[in-house]
$ cat target12.cif   # mmCIF, C-alpha atoms and all ligand atoms
data_entry
#
loop_
_atom_site.label_atom_id
_atom_site.label_comp_id
_atom_site.auth_asym_id
_atom_site.auth_seq_id
_atom_site.Cartn_x
_atom_site.Cartn_y
_atom_site.Cartn_z
CA MET A 1274 11.72 0.57 17.28
CA ASN A 1275 11.11 -3.07 18.16
CA LEU A 1276 8.56 -4.75 15.89
CA LYS A 1277 9.86 -8.29 16.37
CA GLY A 1278 7.10 -10.87 16.04
CA ARG A 1279 4.47 -8.33 14.98
CA SER A 1280 2.13 -8.75 12.01
CA PHE A 1281 1.59 -5.95 9.49
CA LEU A 1282 -2.14 -6.02 8.73
CA THR A 1283 -3.15 -2.35 8.66
CA LEU A 1284 -1.37 0.90 9.53
CA LYS A 1285 -4.00 1.40 12.26
CA ASP A 1286 -1.88 -0.94 14.40
CA PHE A 1287 1.29 1.18 14.14
CA THR A 1288 2.34 4.41 15.84
CA PRO A 1289 3.79 7.33 13.85
CA GLU A 1290 7.17 6.51 15.42
CA GLU A 1291 6.96 2.90 14.22
CA ILE A 1292 5.93 3.97 10.70
CA GLY A 1293 8.79 6.50 10.67
CA GLY A 1294 11.17 3.79 11.92
CA LEU A 1295 10.17 1.45 9.08
CA LEU A 1296 10.81 4.26 6.59
CA ASP A 1297 14.24 4.92 8.12
CA LEU A 1298 15.09 1.23 7.92
CA ALA A 1299 13.89 1.07 4.30
CA ALA A 1300 16.05 4.07 3.37
CA GLU A 1301 19.05 2.40 5.03
CA LEU A 1302 18.44 -0.93 3.25
CA LYS A 1303 17.97 0.92 -0.05
CA ALA A 1304 21.27 2.80 0.35
CA LYS A 1305 23.04 -0.49 1.15
CA LYS A 1306 21.52 -2.29 -1.83
CA LYS A 1307 22.67 0.56 -4.12
CA LYS A 1308 26.21 -0.17 -2.91
CA GLY A 1309 25.72 -3.87 -3.58
CA ILE A 1310 25.42 -4.74 0.10
CA THR A 1311 22.66 -7.18 1.03
CA GLY A 1312 22.07 -8.82 4.41
CA ASN A 1313 21.38 -12.13 6.03
CA SER A 1314 18.85 -11.24 8.69
CA LEU A 1315 16.32 -13.71 7.22
CA LYS A 1316 18.84 -16.55 6.98
CA GLY A 1317 17.11 -19.86 7.66
CA LYS A 1318 13.65 -18.27 7.45
CA ASN A 1319 10.97 -19.64 5.13
CA ILE A 1320 8.30 -17.25 3.94
CA ALA A 1321 4.94 -18.15 2.37
CA LEU A 1322 3.55 -15.80 -0.26
CA ILE A 1323 -0.19 -16.42 -0.65
CA PHE A 1324 -1.81 -14.69 -3.62
CA GLU A 1325 -5.57 -14.91 -4.31
CA LYS A 1326 -5.22 -11.95 -6.70
CA PRO A 1327 -2.49 -11.23 -9.27
CA SER A 1328 0.52 -9.04 -8.51
CA THR A 1329 3.68 -7.74 -10.16
CA ARG A 1330 5.23 -5.36 -7.63
CA THR A 1331 4.14 -6.92 -4.35
CA ARG A 1332 5.09 -10.45 -5.31
CA SER A 1333 8.44 -9.33 -6.72
CA SER A 1334 9.15 -7.17 -3.67
CA PHE A 1335 8.50 -9.93 -1.15
CA THR A 1336 10.52 -12.39 -3.23
CA ILE A 1337 13.53 -10.17 -3.78
CA GLY A 1338 13.40 -8.61 -0.32
CA CYS A 1339 13.42 -12.07 1.23
CA VAL A 1340 16.19 -13.49 -0.97
CA ASP A 1341 18.35 -10.36 -0.47
CA GLU A 1342 18.23 -11.05 3.28
CA GLY A 1343 19.08 -14.74 2.93
CA GLY A 1344 15.55 -16.16 3.33
CA HIS A 1345 13.52 -18.57 1.21
CA PRO A 1346 10.23 -17.37 -0.33
CA GLU A 1347 7.60 -19.86 -1.51
CA TYR A 1348 4.83 -18.65 -3.84
CA LEU A 1349 1.44 -20.20 -3.10
CA GLY A 1350 -1.07 -19.11 -5.76
CA LYS A 1351 -4.81 -19.48 -5.30
CA ASP A 1352 -4.98 -22.61 -7.44
CA ASP A 1353 -1.95 -24.21 -5.80
CA ILE A 1354 -3.25 -24.57 -2.26
CA GLN A 1355 -6.40 -25.80 -0.54
CA LEU A 1356 -7.26 -22.42 1.00
CA GLY A 1357 -10.69 -21.33 -0.16
CA HIS A 1358 -11.41 -24.66 -1.86
CA LYS A 1359 -11.22 -27.46 0.65
CA GLU A 1360 -9.63 -26.05 3.76
CA SER A 1361 -10.59 -23.29 6.17
CA VAL A 1362 -8.42 -20.23 6.76
CA GLU A 1363 -7.94 -21.33 10.37
CA ASP A 1364 -6.58 -24.77 9.38
CA THR A 1365 -4.42 -23.39 6.57
CA ALA A 1366 -2.99 -20.87 9.03
CA ARG A 1367 -2.17 -23.53 11.60
CA VAL A 1368 -0.43 -25.69 8.99
CA LEU A 1369 1.57 -22.87 7.45
CA GLY A 1370 2.50 -21.55 10.89
CA ARG A 1371 4.15 -24.91 11.67
CA MET A 1372 6.30 -24.75 8.54
CA PHE A 1373 6.87 -21.10 7.67
CA ASP A 1374 8.37 -18.29 9.74
CA GLY A 1375 6.31 -15.55 8.08
CA ILE A 1376 3.30 -15.33 5.75
CA GLU A 1377 2.36 -12.71 3.18
CA PHE A 1378 -1.29 -12.65 2.07
CA ARG A 1379 -2.89 -10.83 -0.87
CA GLY A 1380 -6.57 -11.37 -1.45
CA PHE A 1381 -10.10 -10.20 -1.00
CA SER A 1382 -11.09 -10.15 2.63
CA GLN A 1383 -9.32 -8.30 5.43
CA GLU A 1384 -10.84 -10.90 7.75
CA THR A 1385 -8.76 -13.61 6.02
CA VAL A 1386 -5.43 -11.87 6.66
CA GLU A 1387 -6.47 -11.20 10.25
CA LYS A 1388 -7.42 -14.86 10.78
CA LEU A 1389 -4.11 -15.98 9.27
CA ALA A 1390 -2.31 -13.83 11.83
CA LYS A 1391 -4.47 -15.05 14.69
CA TYR A 1392 -4.14 -18.76 13.95
CA SER A 1393 -0.67 -19.12 12.40
CA GLY A 1394 1.33 -17.73 15.32
CA VAL A 1395 3.90 -16.16 12.96
CA PRO A 1396 4.14 -12.62 11.54
CA VAL A 1397 1.62 -12.10 8.72
CA TRP A 1398 1.97 -9.24 6.24
CA ASN A 1399 -0.94 -7.76 4.29
CA GLY A 1400 0.00 -7.60 0.61
CA LEU A 1401 -3.41 -6.00 -0.24
CA THR A 1402 -7.00 -6.75 0.64
CA ASP A 1403 -10.20 -5.12 -0.58
CA GLU A 1404 -9.96 -2.79 2.43
CA TYR A 1405 -6.29 -1.92 2.89
CA HIS A 1406 -2.90 -1.90 1.15
CA PRO A 1407 -0.54 -0.89 3.97
CA THR A 1408 2.82 -1.86 2.45
CA GLN A 1409 2.07 0.40 -0.53
CA ILE A 1410 1.79 3.41 1.80
CA LEU A 1411 5.31 2.83 3.10
CA ALA A 1412 6.63 2.99 -0.48
CA ASP A 1413 4.57 6.11 -1.18
CA PHE A 1414 5.83 7.83 1.96
CA LEU A 1415 9.46 6.85 1.31
CA THR A 1416 9.06 8.42 -2.16
CA LEU A 1417 7.54 11.60 -0.69
CA ARG A 1418 10.39 11.82 1.81
CA GLU A 1419 12.93 11.41 -0.99
CA GLN A 1420 11.24 14.16 -2.99
CA PHE A 1421 10.49 16.67 -0.23
CA GLY A 1422 12.70 15.63 2.71
CA THR A 1423 9.68 15.45 5.03
CA LEU A 1424 6.13 14.15 5.37
CA ALA A 1425 4.48 16.37 7.98
CA GLY A 1426 2.72 19.34 6.41
CA LEU A 1427 2.85 18.06 2.82
CA LYS A 1428 -0.40 18.41 0.92
CA LEU A 1429 -1.31 15.05 -0.64
CA VAL A 1430 -4.48 14.78 -2.71
CA PHE A 1431 -5.90 11.37 -3.62
CA VAL A 1432 -8.20 11.69 -6.64
CA GLY A 1433 -10.53 8.90 -7.76
CA ASP A 1434 -12.23 5.98 -6.01
CA GLY A 1435 -12.17 7.48 -2.53
CA ARG A 1436 -13.31 4.32 -0.77
CA ASN A 1437 -10.86 1.77 -2.14
CA ASN A 1438 -7.95 0.09 -0.37
CA MET A 1439 -5.51 2.82 -1.46
CA ALA A 1440 -7.69 5.73 -0.35
CA ASN A 1441 -8.36 4.05 3.01
CA SER A 1442 -4.72 3.27 3.68
CA LEU A 1443 -3.40 6.64 2.50
CA MET A 1444 -5.92 8.32 4.79
CA ILE A 1445 -4.78 6.29 7.80
CA GLY A 1446 -1.08 6.83 7.05
CA SER A 1447 -1.46 10.53 6.30
CA ALA A 1448 -3.52 11.17 9.42
CA LYS A 1449 -0.89 9.42 11.54
CA MET A 1450 2.09 11.14 9.90
CA GLY A 1451 0.77 14.73 9.96
CA LEU A 1452 0.06 15.33 6.28
CA ASP A 1453 -2.57 17.67 4.84
CA PHE A 1454 -4.55 14.91 3.15
CA VAL A 1455 -7.47 15.30 0.78
CA ILE A 1456 -9.75 12.67 -0.73
CA LEU A 1457 -11.23 14.14 -3.89
CA ALA A 1458 -14.04 11.91 -5.16
CA PRO A 1459 -17.72 11.98 -6.07
CA LYS A 1460 -19.89 11.63 -2.95
CA SER A 1461 -20.95 8.07 -3.75
CA LEU A 1462 -17.28 7.03 -3.58
CA TRP A 1463 -16.37 8.66 -0.29
CA PRO A 1464 -14.72 6.55 2.40
CA GLY A 1465 -16.76 5.00 5.22
CA GLU A 1466 -17.67 7.41 8.02
CA GLU A 1467 -16.32 5.15 10.73
CA LEU A 1468 -12.84 5.11 9.19
CA VAL A 1469 -12.93 8.87 8.53
CA SER A 1470 -13.78 9.55 12.15
CA LEU A 1471 -11.02 7.21 13.37
CA CYS A 1472 -8.57 9.09 11.13
CA ARG A 1473 -9.82 12.45 12.42
CA GLY A 1474 -8.76 11.20 15.85
CA TYR A 1475 -5.26 10.35 14.57
CA ALA A 1476 -5.11 13.76 12.87
CA GLN A 1477 -5.86 15.56 16.11
CA GLU A 1478 -2.87 13.91 17.69
CA SER A 1479 -0.45 14.41 14.80
CA GLY A 1480 -1.56 17.84 13.56
CA ALA A 1481 -2.64 16.35 10.21
CA LYS A 1482 -5.48 17.87 8.17
CA LEU A 1483 -8.10 15.61 6.63
CA THR A 1484 -10.58 16.74 3.96
CA VAL A 1485 -13.07 14.66 1.99
CA THR A 1486 -14.60 16.62 -0.88
CA ASP A 1487 -16.00 16.43 -4.40
CA ASP A 1488 -14.74 19.93 -5.27
CA ILE A 1489 -11.86 19.80 -7.75
CA SER A 1490 -10.51 23.16 -6.57
CA ALA A 1491 -9.24 21.20 -3.51
CA VAL A 1492 -6.12 20.30 -5.56
CA GLU A 1493 -4.88 23.86 -5.13
CA GLY A 1494 -1.50 23.94 -3.44
CA ALA A 1495 -1.02 20.15 -3.67
CA ASP A 1496 2.55 18.88 -3.32
CA ALA A 1497 1.48 15.51 -4.69
CA ILE A 1498 -1.50 14.26 -6.66
CA TYR A 1499 -2.17 10.54 -6.25
CA THR A 1500 -4.54 8.35 -8.20
CA ASP A 1501 -5.35 4.67 -8.61
CA VAL A 1502 -7.42 2.53 -10.96
CA TRP A 1503 -11.15 3.28 -11.10
CA CYS A 1504 -11.98 -0.44 -10.78
CA SER A 1505 -9.96 -2.39 -8.26
CA MET A 1506 -9.28 -6.09 -8.69
CA GLY A 1507 -12.57 -7.93 -8.31
CA GLU A 1508 -14.71 -4.94 -9.36
CA GLU A 1509 -14.30 -5.26 -13.10
CA GLU A 1510 -18.06 -5.41 -13.68
CA LYS A 1511 -18.37 -1.86 -12.36
CA ALA A 1512 -16.35 -0.36 -15.24
CA ALA A 1513 -19.18 1.53 -17.01
CA GLU A 1514 -20.54 2.97 -13.77
CA ARG A 1515 -17.09 4.09 -12.60
CA ILE A 1516 -16.18 5.70 -15.93
CA ALA A 1517 -19.37 7.76 -15.73
CA LEU A 1518 -18.72 8.77 -12.12
CA LEU A 1519 -14.99 9.37 -12.29
CA SER A 1520 -14.30 10.87 -15.73
CA PRO A 1521 -14.59 14.42 -14.29
CA TYR A 1522 -11.85 13.42 -11.83
CA GLN A 1523 -9.30 12.22 -14.38
CA VAL A 1524 -5.76 13.37 -13.56
CA ASN A 1525 -4.88 15.32 -16.70
CA ALA A 1526 -2.85 18.43 -17.52
CA GLU A 1527 -5.79 20.67 -16.66
CA LEU A 1528 -6.19 19.16 -13.19
CA MET A 1529 -2.43 19.30 -12.57
CA ALA A 1530 -2.46 23.02 -13.56
CA LYS A 1531 -5.16 23.66 -10.96
CA THR A 1532 -2.62 22.93 -8.22
CA GLY A 1533 -1.10 26.32 -9.07
CA LYS A 1534 2.34 24.84 -8.38
CA GLU A 1535 5.15 24.06 -10.79
CA ASN A 1536 6.71 21.28 -8.74
CA THR A 1537 3.68 19.16 -7.82
CA ILE A 1538 4.55 15.49 -8.23
CA PHE A 1539 2.26 12.71 -9.43
CA LEU A 1540 2.09 9.35 -7.71
CA HIS A 1541 0.34 6.10 -8.66
CA CYS A 1542 0.54 2.73 -6.91
CA LEU A 1543 0.36 1.00 -10.34
CA PRO A 1544 -0.79 -0.79 -12.39
CA ALA A 1545 -2.16 2.27 -14.24
CA VAL A 1546 -4.90 2.35 -16.86
CA LYS A 1547 -3.71 5.27 -18.97
CA GLY A 1548 -6.49 7.24 -20.62
CA LYS A 1549 -8.76 6.51 -17.67
CA GLU A 1550 -7.62 7.69 -14.20
CA VAL A 1551 -4.54 9.45 -15.66
CA THR A 1552 -3.63 10.70 -19.10
CA GLU A 1553 -0.56 9.35 -20.86
CA ASP A 1554 1.10 12.80 -20.94
CA VAL A 1555 0.81 13.38 -17.18
CA PHE A 1556 1.97 9.84 -16.47
CA GLU A 1557 5.02 10.09 -18.72
CA LYS A 1558 5.96 13.54 -17.43
CA HIS A 1559 6.15 12.10 -13.91
CA ALA A 1560 7.30 8.58 -14.79
CA ASP A 1561 10.68 8.83 -13.03
CA VAL A 1562 9.07 9.41 -9.65
CA VAL A 1563 6.29 6.87 -10.27
CA PHE A 1564 8.89 4.17 -10.97
CA ASP A 1565 10.96 5.26 -7.93
CA GLU A 1566 7.74 4.66 -6.02
CA ALA A 1567 7.43 1.18 -7.59
CA GLU A 1568 11.06 0.38 -6.74
CA ASN A 1569 10.47 1.57 -3.19
CA ARG A 1570 7.93 -1.22 -2.73
CA MET A 1571 10.86 -3.61 -2.52
CA HIS A 1572 12.94 -1.60 -0.05
CA THR A 1573 9.97 -0.94 2.24
CA ILE A 1574 8.63 -4.50 2.13
CA LYS A 1575 12.12 -5.73 2.91
CA ALA A 1576 12.16 -3.37 5.89
CA VAL A 1577 8.85 -4.79 7.15
CA MET A 1578 10.17 -8.36 6.95
CA VAL A 1579 13.52 -7.47 8.54
CA ALA A 1580 11.88 -5.52 11.38
CA THR A 1581 9.25 -8.13 12.22
CA LEU A 1582 11.18 -11.33 11.54
CA GLY A 1583 14.85 -10.56 11.03
CA GLU A 1584 17.63 -11.64 13.37
CA VAL A 1585 20.81 -9.67 13.84
CA GLN A 1586 23.40 -12.15 12.52
N1 LIG A 1601 0.99 -1.61 -6.42
C1 LIG A 1601 0.83 -2.95 -6.36
O1 LIG A 1601 0.46 -3.51 -5.32
O2 LIG A 1601 1.13 -3.60 -7.51
P1 LIG A 1601 0.93 -5.16 -7.80
O3 LIG A 1601 -0.57 -5.39 -7.86
O4 LIG A 1601 1.61 -5.41 -9.10
O5 LIG A 1601 1.54 -5.94 -6.67
N1 LIG A 1602 -6.96 -0.46 -5.79
C1 LIG A 1602 -6.15 -1.34 -6.58
C2 LIG A 1602 -4.73 -1.31 -6.07
C3 LIG A 1602 -3.76 -2.16 -6.86
C4 LIG A 1602 -2.37 -2.11 -6.29
C5 LIG A 1602 -6.70 -2.74 -6.53
O1 LIG A 1602 -7.10 -3.19 -5.45
O2 LIG A 1602 -6.78 -3.38 -7.58
#

$ encode --input "target12.cif" --output "structure tokens" --more "lines below"
Ligand code: CP
Ligand code: NVA
Amino acid sequence: MNLKGRSFLTLKDFTPEEIGGLLDLAAELKAKKKKGITGNSLKGKNIALIFEKPSTRTRSSFTIGCVDEGGHPEYLGKDDIQLGHKESVEDTARVLGRMFDGIEFRGFSQETVEKLAKYSGVPVWNGLTDEYHPTQILADFLTLREQFGTLAGLKLVFVGDGRNNMANSLMIGSAKMGLDFVILAPKSLWPGEELVSLCRGYAQESGAKLTVTDDISAVEGADAIYTDVWCSMGEEEKAAERIALLSPYQVNAELMAKTGKENTIFLHCLPAVKGKEVTEDVFEKHADVVFDEAENRMHTIKAVMVATLGEVQ
């Protein structure tokens, strides 16, 4: 796998082999870190971390992943820089590209992260947009591999807002990596048809299955149930509407029992709103794996930076 110089904007741009390679590298870096071994592949590299939206895991993962590999991360919050106030994305990109070796962006528009990549000339990593959250999928898939030893053939059911960044990115990743993937959501929250049909194409190549349904019996046989907040960042005003639409799709003990399996795991990208998309009892029962998943953000994000920007020292 050679990803040197590449940006990481959406999983659409990566082959199954490349995604698998990033997971292998993340597992290797994780094993090393557990032994107290860090690296220096980002020595001398300066990394900009642009955040238009708040973050706990993603910010911490980029910071620690970068420092562990000998690089310097610089946090640029939305009120700290001119981007979006006084200066265009194109100009900000050209300035940052002259000073930084890599740029992480979290914010609203996918177009912004794509423009940053186009105009900065350095690797740009998508730390979440309204449309996609690709680094999260790497952490989710590393966790699934740790739990089941494989990805292909696993039945993964995403329950909730089936058209948000998580649903979109899980669908792309699952279709590429050969999972049996289900989006379980009310019809008005189904993913866009264009993306579904693109993913059906990936699924044909990988042997993945892809189902979009509003029928709760689709959880039967699930190896993993995944949910996310009902209102993503920036959609807070939709709370009442979403509660009405999504309450029947809450991940609770009854829904987990409908899988018919004893060993189904529960995943959540976090932050979680307990009592809404998942009940406290289900969350706590599966907390060990959910926090492995959170930890894996760091190992996988480190792998993305090392693969796209790192130098063998
Ligand atoms: N899962 C995730 O991206 O968390 P943060 O919003 O805390 O970064
Ligand atoms: N869908 C959520 C994911 C948070 C990691 C959001 O965009 O707020």

$ residues_around --input "target12.cif" --residues "stretch 1496-1508 of chain A" --least-positions-apart "3" --cutoff "8 Å" --atoms "all atoms listed in the file" --output "number ranges by chain"
A: 1326, 1427-1434, 1437, 1439, 1492, 1511-1512, 1515-1516, 1519, 1524, 1529, 1534, 1536-1546, 1549-1551

$ residues_near_ligand --input "target12.cif" --ligand "ligand LIG 1601 (chain A)" --cutoff "9 Å" --atoms "all atoms listed in the file" --output "VMD selection string"
chain A and resid 1326 to 1334 1379 1400 to 1401 1406 1408 to 1409 1506 1541 to 1544 1567 1570

$ axis_aligned_box --input "target12.cif" --around "ligand LIG 1602 (chain A)" --padding-each-side "5 Å" --output "JSON"
{"center_x": -4.7, "center_y": -1.9, "center_z": -6.5, "size_x": 14.7, "size_y": 12.9, "size_z": 12.1}

$ closest_residue --input "target12.cif" --among "A:Lys1277, A:His1345, A:Arg1436, A:Lys1391" --to "ligand LIG 1602 (chain A)" --atoms "only C-alpha atoms and all ligand atoms"
A:Arg1436

$ residues_around --input "target12.cif" --residues "A:Tyr1348" --least-positions-apart "6" --cutoff "9 Å" --atoms "all atoms listed in the file" --output "PyMOL selection string"
chain A and resi 1320-1324+1332+1336

$ write_last_selection --input "target12.cif" --atoms "C-alpha atoms" --output "mmCIF file, in the coordinates of the input"
data_model
loop_
_atom_site.group_PDB
_atom_site.id
_atom_site.type_symbol
_atom_site.label_atom_id
_atom_site.label_comp_id
_atom_site.auth_asym_id
_atom_site.auth_seq_id
_atom_site.Cartn_x
_atom_site.Cartn_y
_atom_site.Cartn_z
ATOM 1 C CA ILE A 1320 8.300 -17.250 3.940
ATOM 2 C CA ALA A 1321 4.940 -18.150 2.370
ATOM 3 C CA LEU A 1322 3.550 -15.800 -0.260
ATOM 4 C CA ILE A 1323 -0.190 -16.420 -0.650
ATOM 5 C CA PHE A 1324 -1.810 -14.690 -3.620
ATOM 6 C CA ARG A 1332 5.090 -10.450 -5.310
ATOM 7 C CA THR A 1336 10.520 -12.390 -3.230
#

$ closest_residue --input "target12.cif" --among "A:Asp1353, A:Glu1553, A:Glu1493, A:Glu1510" --to "A:Asn1525" --atoms "only C-alpha atoms"
A:Glu1553

$ atom_distance --input "target12.cif" --atom1 "atom CA of A:Gly1583" --atom2 "atom CA of A:Gly1380"
24.8 Å

$ residues_near_point --input "target12.cif" --point "(9.9, 12.0, -2.2)" --cutoff "12 Å" --atoms "only C-alpha atoms" --output "number ranges by chain"
A: 1296, 1300, 1411-1424, 1427, 1429, 1496-1497, 1536-1540, 1561-1566, 1569

$ write_last_selection --input "target12.cif" --atoms "C-alpha atoms" --output "short mmCIF file (atom, residue, chain, number, x, y, z; two decimals), in the frame of the given file"
data_model
loop_
_atom_site.label_atom_id
_atom_site.label_comp_id
_atom_site.auth_asym_id
_atom_site.auth_seq_id
_atom_site.Cartn_x
_atom_site.Cartn_y
_atom_site.Cartn_z
CA LEU A 1296 10.81 4.26 6.59
CA ALA A 1300 16.05 4.07 3.37
CA LEU A 1411 5.31 2.83 3.10
CA ALA A 1412 6.63 2.99 -0.48
CA ASP A 1413 4.57 6.11 -1.18
CA PHE A 1414 5.83 7.83 1.96
CA LEU A 1415 9.46 6.85 1.31
CA THR A 1416 9.06 8.42 -2.16
CA LEU A 1417 7.54 11.60 -0.69
CA ARG A 1418 10.39 11.82 1.81
CA GLU A 1419 12.93 11.41 -0.99
CA GLN A 1420 11.24 14.16 -2.99
CA PHE A 1421 10.49 16.67 -0.23
CA GLY A 1422 12.70 15.63 2.71
CA THR A 1423 9.68 15.45 5.03
CA LEU A 1424 6.13 14.15 5.37
CA LEU A 1427 2.85 18.06 2.82
CA LEU A 1429 -1.31 15.05 -0.64
CA ASP A 1496 2.55 18.88 -3.32
CA ALA A 1497 1.48 15.51 -4.69
CA ASN A 1536 6.71 21.28 -8.74
CA THR A 1537 3.68 19.16 -7.82
CA ILE A 1538 4.55 15.49 -8.23
CA PHE A 1539 2.26 12.71 -9.43
CA LEU A 1540 2.09 9.35 -7.71
CA ASP A 1561 10.68 8.83 -13.03
CA VAL A 1562 9.07 9.41 -9.65
CA VAL A 1563 6.29 6.87 -10.27
CA PHE A 1564 8.89 4.17 -10.97
CA ASP A 1565 10.96 5.26 -7.93
CA GLU A 1566 7.74 4.66 -6.02
CA ASN A 1569 10.47 1.57 -3.19
#

$ residues_near_point --input "target12.cif" --point "(2.3, 8.0, 15.3)" --cutoff "8 Å" --atoms "only C-alpha atoms" --output "ChimeraX atom specification"
/A:1287-1292,1449-1450,1475,1479

$ closest_residue --input "target12.cif" --among "A:Cys1472, A:Pro1521, A:Ala1495, A:Gly1548" --to "A:Glu1535" --atoms "all atoms listed in the file"
A:Ala1495

$ atom_distance --input "target12.cif" --atom1 "atom CA of A:Phe1454" --atom2 "atom CA of A:Gln1477"
13.0 Å

$ atom_distance --input "target12.cif" --atom1 "atom CA of A:Met1372" --atom2 "atom CA of A:Asn1319"
7.7 Å

$ closest_residue --input "target12.cif" --among "A:Glu1514, A:Glu1467, A:Glu1342, A:Glu1325" --to "ligand LIG 1602 (chain A)" --atoms "all atoms listed in the file"
A:Glu1325

$ closest_residue --input "target12.cif" --among "A:Asn1313, A:Thr1486, A:Thr1402, A:Thr1385" --to "A:Gly1435" --atoms "all atoms listed in the file"
A:Thr1486

$ closest_residue --input "target12.cif" --among "A:Ile1456, A:Glu1509, A:Glu1557, A:Asp1364" --to "ligand LIG 1602 (chain A)" --atoms "all atoms listed in the file"
A:Glu1509

$ residues_around --input "target12.cif" --residues "A:Gly1317" --least-positions-apart "5" --cutoff "12 Å" --atoms "only C-alpha atoms" --output "JSON, numbers by chain"
{"A": [1339, 1340, 1342, 1343, 1344, 1345, 1346, 1372, 1373, 1374, 1375, 1582, 1583, 1584, 1586]}

$ residues_around --input "target12.cif" --residues "A:Gly1370" --least-positions-apart "4" --cutoff "6 Å" --atoms "all atoms listed in the file" --output "list of chain:residue names"
A:Ala1366, A:Ser1393, A:Gly1394, A:Val1395

$ decode --input "target12.cif" --residues "stretch 1513-1518 of chain A" --atoms "all heavy atoms" --output "PDB file, in the first residue's frame"
ATOM      1  N   ALA A1513     -37.357  17.914  17.934  1.00  0.00           N
ATOM      2  CA  ALA A1513     -38.717  17.401  18.163  1.00  0.00           C
ATOM      3  C   ALA A1513     -39.144  16.473  17.024  1.00  0.00           C
ATOM      4  O   ALA A1513     -39.665  15.367  17.258  1.00  0.00           O
ATOM      5  CB  ALA A1513     -39.685  18.572  18.298  1.00  0.00           C
ATOM      6  N   GLU A1514     -38.860  16.916  15.815  1.00  0.00           N
ATOM      7  CA  GLU A1514     -39.212  16.117  14.617  1.00  0.00           C
ATOM      8  C   GLU A1514     -38.513  14.749  14.644  1.00  0.00           C
ATOM      9  O   GLU A1514     -39.111  13.704  14.390  1.00  0.00           O
ATOM     10  CB  GLU A1514     -38.761  16.929  13.403  1.00  0.00           C
ATOM     11  CG  GLU A1514     -38.996  16.347  12.048  1.00  0.00           C
ATOM     12  CD  GLU A1514     -38.243  17.182  10.992  1.00  0.00           C
ATOM     13  OE1 GLU A1514     -38.241  18.437  11.077  1.00  0.00           O
ATOM     14  OE2 GLU A1514     -37.637  16.566  10.107  1.00  0.00           O
ATOM     15  N   ARG A1515     -37.234  14.759  14.989  1.00  0.00           N
ATOM     16  CA  ARG A1515     -36.448  13.511  14.988  1.00  0.00           C
ATOM     17  C   ARG A1515     -36.902  12.564  16.097  1.00  0.00           C
ATOM     18  O   ARG A1515     -36.942  11.348  15.896  1.00  0.00           O
ATOM     19  CB  ARG A1515     -34.957  13.828  15.143  1.00  0.00           C
ATOM     20  CG  ARG A1515     -34.355  14.519  13.952  1.00  0.00           C
ATOM     21  CD  ARG A1515     -34.161  13.549  12.791  1.00  0.00           C
ATOM     22  NE  ARG A1515     -33.912  14.254  11.555  1.00  0.00           N
ATOM     23  CZ  ARG A1515     -32.745  14.833  11.234  1.00  0.00           C
ATOM     24  NH1 ARG A1515     -31.722  14.747  12.059  1.00  0.00           N
ATOM     25  NH2 ARG A1515     -32.614  15.454  10.090  1.00  0.00           N
ATOM     26  N   ILE A1516     -37.233  13.126  17.264  1.00  0.00           N
ATOM     27  CA  ILE A1516     -37.695  12.256  18.357  1.00  0.00           C
ATOM     28  C   ILE A1516     -38.966  11.538  17.908  1.00  0.00           C
ATOM     29  O   ILE A1516     -39.121  10.325  18.090  1.00  0.00           O
ATOM     30  CB  ILE A1516     -37.911  13.067  19.661  1.00  0.00           C
ATOM     31  CG1 ILE A1516     -36.548  13.521  20.205  1.00  0.00           C
ATOM     32  CG2 ILE A1516     -38.655  12.242  20.716  1.00  0.00           C
ATOM     33  CD1 ILE A1516     -36.618  14.550  21.327  1.00  0.00           C
ATOM     34  N   ALA A1517     -39.867  12.265  17.255  1.00  0.00           N
ATOM     35  CA  ALA A1517     -41.115  11.660  16.795  1.00  0.00           C
ATOM     36  C   ALA A1517     -40.835  10.565  15.759  1.00  0.00           C
ATOM     37  O   ALA A1517     -41.401   9.478  15.818  1.00  0.00           O
ATOM     38  CB  ALA A1517     -42.021  12.738  16.212  1.00  0.00           C
ATOM     39  N   LEU A1518     -39.928  10.844  14.843  1.00  0.00           N
ATOM     40  CA  LEU A1518     -39.634   9.892  13.764  1.00  0.00           C
ATOM     41  C   LEU A1518     -38.849   8.673  14.249  1.00  0.00           C
ATOM     42  O   LEU A1518     -39.057   7.553  13.770  1.00  0.00           O
ATOM     43  CB  LEU A1518     -38.760  10.572  12.707  1.00  0.00           C
ATOM     44  CG  LEU A1518     -39.399  11.345  11.581  1.00  0.00           C
ATOM     45  CD1 LEU A1518     -38.319  12.113  10.807  1.00  0.00           C
ATOM     46  CD2 LEU A1518     -40.134  10.391  10.637  1.00  0.00           C
TER      47      LEU A1518
END
